[in-house]
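Comments concern the structure below.
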Amino acid sequence: MTTQMVELFAGIGGFRLAGEALGIETIWANDIDQKAAQIYQQQFKGGTFVQGDIKKCLHQIPNHQLLTAGFPCQPFSSAGKKKGFHDPRGTLFEVVVQILQTHSPSFFVLENVKRLLSMDNGQHFATILNSLSSLDYLIEWRLLNAKHFCLPQHRERVIIIGSKNSVPKSFLATSPDFCTLSDNQLTQIAGHHRWINITKHDQKFPNWGLSYHHQMIGFQLTHFYDAQNSVLLTDIVQKQVDSRFDLTQETQARLKNSQRVNKYYNGVEILYNQKGGARMGYTLFGINGVAPTLTSSTSRHYERYRIGNQYRRLTPVEYARIQGFPDNHCERLPIYDQYALYGNAVPPPMVKWVIPRLINDLSVDFHRLNNQMELF
Ligand SMILES: C[S@@+](CC[C@H](N)C(=O)[O-])C[C@H]1O[C@@H](n2cnc3c(N)ncnc32)[C@H](O)[C@@H]1O
């Protein structure tokens, strides 16, 4: 039977694109933003899309097996701070918890920014883990980077997966044959003396961990063994770009006063910098590295690159490629809206790697799919 998915905070459908590549059917999706809704409905047919505040649409959500949510990161109130825990009530994360309680899907995938692990000295993530692990899910989290998934971008995201009534293949399994952790390895992890009560964790969280029934274990992993071939900006930039994207004469004049840096920082090539530091002042990026994290904030759309003979910013098509979307995904919107929507999205190739680690019995032939689908 086809796995049925609900996509919360759907944006332009990063999870949906990955789901479609894996043979998963999205039956319901929601976002409050009118422009995201426009793109989502233009690009995807089938299933229901509801535009509006999720808090007002809860009653419309159908039963499903997989819930996905790139939920907005909001601070929790300090009402519940007494035991060192904040209060998620009234936040959009709490909506995710409510939906998990009501529909009890077998699986979920949540995505968020890296600082979720360190905010408030780890208390924010501890609250999240504690809420999720009380719902009878086995939880696993891992910090992933878009640049390990054939995308030219340093973008670190926390992915949290949950499964009920089954043990996932885990983020620790290696990819080529989709092998699972051996029983022996799992027993070792499960029986490891370092499992603690989540309330006892009072610092930044490591980049990988498991949690179950208010207990957790975590480790700082040093390698990502599944890293795929690296793709650099030079591989994806458009060759012919019109002068609309050129930096102004004034900006170019200022760049001439910058200091030469010629360094890589997180894989990002920095050619010039006003003050010589890694990310300060008037930075000019090269294309022999990856892009810094794309965001929805306007200042990022003005980041400066030297590409061939041009001094320019990136185009929306380049944004699409850097995030792993088809070139034309948002083309019907004004360019500034496109930058914002791509900057907010989850990279589909990253979640396309994640989902099979969670759902063991997807009714698709992965080898056939991998050979035939050139989606990403
Ligand atoms: C981080 S983005 C997720 C993007 C998405 N994963 C994608 O691939 O495009 C968060 C989304 O939550 C939506 N959002 C914020 N508040 C909302 C609410 N109250 N109800 C529904 N959607 C909301 C925003 O419009 C935004 O598109």
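Chain lettering (A, B, ...) mirrors the order of the structure tokens, residue numbering begins at 1 for each chain separately, and ligand numbering begins at 1 in order of display.
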
Site check for ligand 1: residues at most 6 Å away, only C-alpha atoms and all ligand atoms, as an MDAnalysis selection string
chainID A and resid 9:15 31:33 52:54 70:72 344:346

Restricted to N, CA and C atoms, what would the selected residues look like written as a short mmCIF file (atom, residue, chain, number, x, y, z; two decimals), in the first residue's frame?
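Everything below was put into again.cif:
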```cif
data_model
loop_
_atom_site.label_atom_id
_atom_site.label_comp_id
_atom_site.auth_asym_id
_atom_site.auth_seq_id
_atom_site.Cartn_x
_atom_site.Cartn_y
_atom_site.Cartn_z
N PHE A 9 3.36 23.11 7.31
CA PHE A 9 4.30 24.21 7.01
C PHE A 9 4.96 23.92 5.67
N ALA A 10 4.11 23.64 4.69
CA ALA A 10 4.57 23.01 3.45
C ALA A 10 5.43 23.91 2.58
N GLY A 11 5.30 25.25 2.72
CA GLY A 11 6.10 26.14 1.87
C GLY A 11 5.91 25.78 0.41
N ILE A 12 7.01 25.59 -0.29
CA ILE A 12 6.93 25.26 -1.72
C ILE A 12 7.10 23.76 -1.95
N GLY A 13 6.98 22.97 -0.86
CA GLY A 13 6.87 21.53 -1.04
C GLY A 13 8.16 20.75 -1.10
N GLY A 14 9.15 21.13 -0.30
CA GLY A 14 10.41 20.39 -0.27
C GLY A 14 10.21 18.93 0.12
N PHE A 15 9.40 18.71 1.15
CA PHE A 15 9.13 17.33 1.57
C PHE A 15 8.32 16.60 0.49
N ASP A 31 -0.17 25.62 4.44
CA ASP A 31 0.75 26.73 4.75
C ASP A 31 -0.09 28.00 4.83
N ILE A 32 0.38 28.93 5.64
CA ILE A 32 -0.38 30.17 5.84
C ILE A 32 -0.06 31.19 4.74
N ASP A 33 1.07 31.01 4.07
CA ASP A 33 1.57 32.05 3.16
C ASP A 33 0.92 31.95 1.77
N GLY A 52 -3.87 28.66 5.17
CA GLY A 52 -4.42 29.28 6.39
C GLY A 52 -3.58 28.91 7.59
N ASP A 53 -3.97 29.47 8.72
CA ASP A 53 -3.27 29.20 9.98
C ASP A 53 -3.57 27.76 10.40
N ILE A 54 -2.53 26.97 10.59
CA ILE A 54 -2.71 25.55 10.91
C ILE A 54 -3.56 25.37 12.17
N GLY A 70 8.51 21.24 8.63
CA GLY A 70 9.64 22.15 8.85
C GLY A 70 9.08 23.29 9.66
N PHE A 71 8.87 23.03 10.96
CA PHE A 71 8.10 24.00 11.75
C PHE A 71 8.93 25.25 12.06
N PRO A 72 8.28 26.43 12.06
CA PRO A 72 9.01 27.66 12.38
C PRO A 72 9.55 27.60 13.80
N ASN A 344 13.69 29.53 2.45
CA ASN A 344 12.97 28.94 3.58
C ASN A 344 12.82 27.42 3.46
N ALA A 345 13.08 26.90 2.28
CA ALA A 345 12.66 25.52 1.99
C ALA A 345 13.63 24.48 2.55
N VAL A 346 13.13 23.27 2.65
CA VAL A 346 14.00 22.16 3.01
C VAL A 346 14.54 21.58 1.69
#
```

So that I can see what lies close to range 212-223 of chain A, please list as a PyMOL selection string the residues with an atom at most 7 Å from it, counting only C-alpha atoms and leaving out residues fewer than 5 positions away in the same chain.
chain A and resi 130+133-134+136-139+194-198+206-207

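Between CA of Gln4 in chain A and CA of Leu135 in chain A the interatomic distance comes to 20.4 Å.
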
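Across the model, the gap from CA of Asn309 in chain A to CA of Thr283 in chain A is 17.1 Å.
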
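We find CA of Leu284 in chain A and CA of His329 in chain A to be spaced 27.7 Å apart.
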
Nearest to Thr26 in chain A by atom-to-atom distance, counting only C-alpha atoms, from A:Gln60, A:Gln65, A:Gln323, A:Gln51
A:Gln65

Rank A:Leu92, A:Pro347, A:Asn266, A:Asn257 by their smallest atom-to-atom distance to Pro326 in chain A, using only C-alpha atoms, and report the top residue only.
A:Pro347

Residue contacts of range 236-246 of chain A (12 Å, only C-alpha atoms) excluding same-chain residues fewer than 4 positions away, as a ChimeraX atom specification
/A:150-153,230-232,250-252,286-291,301-324,327,335-336

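Among the candidates A:Lys55, A:Arg142, A:Arg89, A:Lys352, the residue lying nearest to Ser211 in chain A is A:Arg142 (atoms considered: only C-alpha atoms).
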
Can you list every residue in range 135-319 of chain A that DSSP puts in strand (DSSP E or B), as a count of residues only?
53

What's the 9 Å shell around range 154-163 of chain A, counting only C-alpha atoms, without same-chain residues fewer than 6 positions away, as a PyMOL selection string?
chain A and resi 105-117+132-133+136-148+207+266-268+290-294+346+351+354-355+358-359

Please save N, CA and C atoms of the selected residues as a short mmCIF file (atom, residue, chain, number, x, y, z; two decimals), in the first residue's frame.
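Generated output (again-v1.cif):
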```cif
data_model
loop_
_atom_site.label_atom_id
_atom_site.label_comp_id
_atom_site.auth_asym_id
_atom_site.auth_seq_id
_atom_site.Cartn_x
_atom_site.Cartn_y
_atom_site.Cartn_z
N PRO A 105 0.31 8.95 13.58
CA PRO A 105 0.94 8.38 12.38
C PRO A 105 2.12 7.49 12.77
N SER A 106 2.44 6.50 11.94
CA SER A 106 3.54 5.60 12.28
C SER A 106 4.89 6.30 12.29
N PHE A 107 5.01 7.36 11.47
CA PHE A 107 6.32 8.01 11.30
C PHE A 107 6.17 9.52 11.25
N PHE A 108 7.21 10.23 11.67
CA PHE A 108 7.26 11.67 11.39
C PHE A 108 8.69 12.10 11.09
N VAL A 109 8.79 13.20 10.33
CA VAL A 109 10.09 13.83 10.06
C VAL A 109 9.92 15.32 10.33
N LEU A 110 10.73 15.86 11.21
CA LEU A 110 10.70 17.29 11.49
C LEU A 110 12.04 17.89 11.08
N GLU A 111 11.98 19.15 10.67
CA GLU A 111 13.23 19.80 10.23
C GLU A 111 13.32 21.16 10.88
N ASN A 112 14.53 21.55 11.28
CA ASN A 112 14.69 22.87 11.87
C ASN A 112 16.13 23.34 11.78
N VAL A 113 16.36 24.57 12.26
CA VAL A 113 17.70 25.15 12.13
C VAL A 113 18.67 24.54 13.15
N LYS A 114 19.96 24.67 12.85
CA LYS A 114 20.99 24.05 13.70
C LYS A 114 20.92 24.56 15.13
N ARG A 115 20.60 25.85 15.29
CA ARG A 115 20.69 26.39 16.65
C ARG A 115 19.63 25.82 17.59
N LEU A 116 18.69 25.06 17.04
CA LEU A 116 17.72 24.38 17.91
C LEU A 116 18.45 23.53 18.96
N LEU A 117 19.62 23.00 18.59
CA LEU A 117 20.36 22.12 19.50
C LEU A 117 21.04 22.88 20.64
N LEU A 132 8.02 14.90 22.45
CA LEU A 132 7.88 13.88 21.41
C LEU A 132 8.05 12.48 21.98
N SER A 133 9.01 12.34 22.89
CA SER A 133 9.30 10.98 23.37
C SER A 133 8.23 10.50 24.34
N ASP A 136 5.29 7.91 22.79
CA ASP A 136 5.52 6.52 22.43
C ASP A 136 6.24 6.33 21.10
N TYR A 137 6.95 7.34 20.69
CA TYR A 137 7.76 7.23 19.47
C TYR A 137 9.22 6.99 19.86
N LEU A 138 9.92 6.22 19.02
CA LEU A 138 11.37 6.16 19.14
C LEU A 138 11.89 7.32 18.31
N ILE A 139 12.64 8.20 18.95
CA ILE A 139 13.07 9.43 18.28
C ILE A 139 14.56 9.33 17.96
N GLU A 140 14.92 9.83 16.80
CA GLU A 140 16.34 9.94 16.47
C GLU A 140 16.55 11.31 15.85
N TRP A 141 17.64 11.98 16.18
CA TRP A 141 17.94 13.24 15.51
C TRP A 141 19.34 13.21 14.94
N ARG A 142 19.52 14.02 13.92
CA ARG A 142 20.87 14.15 13.35
C ARG A 142 21.00 15.50 12.65
N LEU A 143 22.15 16.11 12.81
CA LEU A 143 22.44 17.35 12.10
C LEU A 143 22.96 16.97 10.72
N LEU A 144 22.31 17.47 9.69
CA LEU A 144 22.73 17.14 8.33
C LEU A 144 23.13 18.43 7.61
N ASN A 145 23.95 18.28 6.58
CA ASN A 145 24.41 19.45 5.83
C ASN A 145 24.09 19.24 4.35
N ALA A 146 23.45 20.25 3.75
CA ALA A 146 23.04 20.13 2.34
C ALA A 146 24.22 19.77 1.44
N LYS A 147 25.43 20.21 1.82
CA LYS A 147 26.55 19.97 0.90
C LYS A 147 26.92 18.50 0.79
N HIS A 148 26.38 17.68 1.69
CA HIS A 148 26.63 16.24 1.58
C HIS A 148 25.63 15.53 0.67
N ASN A 207 25.36 16.25 17.86
CA ASN A 207 24.73 16.24 16.52
C ASN A 207 23.95 14.96 16.20
N ASN A 266 33.93 26.99 5.97
CA ASN A 266 32.82 26.03 5.82
C ASN A 266 32.60 25.64 4.36
N GLY A 267 33.66 25.65 3.58
CA GLY A 267 33.53 25.27 2.17
C GLY A 267 33.13 26.43 1.27
N VAL A 268 32.91 27.63 1.86
CA VAL A 268 32.51 28.81 1.08
C VAL A 268 33.79 29.55 0.69
N VAL A 290 31.12 26.26 -2.02
CA VAL A 290 29.66 26.20 -1.94
C VAL A 290 29.13 27.55 -1.49
N ALA A 291 27.81 27.71 -1.54
CA ALA A 291 27.19 28.97 -1.09
C ALA A 291 27.01 28.92 0.43
N PRO A 292 27.06 30.09 1.09
CA PRO A 292 26.65 30.09 2.49
C PRO A 292 25.15 29.82 2.56
N THR A 293 24.63 29.49 3.73
CA THR A 293 23.21 29.12 3.87
C THR A 293 22.29 30.17 3.24
N LEU A 294 21.45 29.73 2.31
CA LEU A 294 20.45 30.64 1.76
C LEU A 294 19.39 30.84 2.83
N VAL A 346 13.13 23.27 2.65
CA VAL A 346 14.00 22.16 3.01
C VAL A 346 14.54 21.58 1.69
N VAL A 351 15.97 15.33 2.37
CA VAL A 351 14.91 14.51 2.96
C VAL A 351 14.65 13.24 2.17
N VAL A 354 16.68 10.99 4.00
CA VAL A 354 16.20 10.73 5.37
C VAL A 354 15.06 9.70 5.39
N ILE A 355 14.07 9.88 4.54
CA ILE A 355 12.83 9.10 4.68
C ILE A 355 13.06 7.59 4.62
N LEU A 358 13.85 5.94 7.79
CA LEU A 358 12.77 5.91 8.77
C LEU A 358 11.76 4.83 8.44
N ILE A 359 11.39 4.77 7.18
CA ILE A 359 10.35 3.82 6.76
C ILE A 359 11.03 2.66 6.06
#
```

Smallest atom-to-atom distance to His86 in chain A: which of A:Gln34, A:Ser118, A:Ser104, A:Thr199, using only C-alpha atoms?
A:Thr199

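Residues in contact with Met5 in chain A at up to 7 Å, not including ones fewer than 3 positions away on its chain and judged by only C-alpha atoms, are Ile24, Glu25, Thr26, Ile27, His64, Gln65, Leu66 and Leu67 of chain A.
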
Save the residues we just selected, N, CA, C and O atoms, as a CSV table (one decimal), in the first residue's frame?
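Result written to out.csv:
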```
chain,number,residue,atom,x,y,z
A,24,ILE,N,5.7,8.2,-2.4
A,24,ILE,CA,4.8,8.5,-1.2
A,24,ILE,C,3.8,9.5,-1.7
A,24,ILE,O,4.1,10.5,-2.4
A,25,GLU,N,2.6,9.3,-1.3
A,25,GLU,CA,1.4,10.1,-1.7
A,25,GLU,C,1.1,11.2,-0.7
A,25,GLU,O,0.9,10.9,0.5
A,26,THR,N,1.2,12.5,-1.1
A,26,THR,CA,0.8,13.5,-0.1
A,26,THR,C,-0.7,13.8,-0.2
A,26,THR,O,-1.2,14.2,-1.3
A,27,ILE,N,-1.4,13.5,0.9
A,27,ILE,CA,-2.8,13.6,0.8
A,27,ILE,C,-3.4,14.9,1.4
A,27,ILE,O,-4.5,15.3,1.1
A,64,HIS,N,-3.1,9.6,8.5
A,64,HIS,CA,-2.0,9.4,7.5
A,64,HIS,C,-0.9,8.6,8.2
A,64,HIS,O,-1.0,8.4,9.5
A,65,GLN,N,0.1,8.1,7.4
A,65,GLN,CA,1.2,7.3,8.1
A,65,GLN,C,2.4,8.1,8.4
A,65,GLN,O,3.2,7.8,9.2
A,66,LEU,N,2.6,9.2,7.6
A,66,LEU,CA,3.8,10.0,7.7
A,66,LEU,C,3.5,11.4,7.9
A,66,LEU,O,2.8,12.0,7.0
A,67,LEU,N,4.0,12.1,8.9
A,67,LEU,CA,3.8,13.5,9.1
A,67,LEU,C,5.1,14.2,8.9
A,67,LEU,O,6.1,13.8,9.5
```

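The residue set within 10 Å of Pro75 in chain A, counting only C-alpha atoms and dropping same-chain residues fewer than 3 places from it, reads Pro72, Ser78, His86, Asp87, Pro88, Thr91, Leu116, Met119, Asp120 and His124 of chain A.
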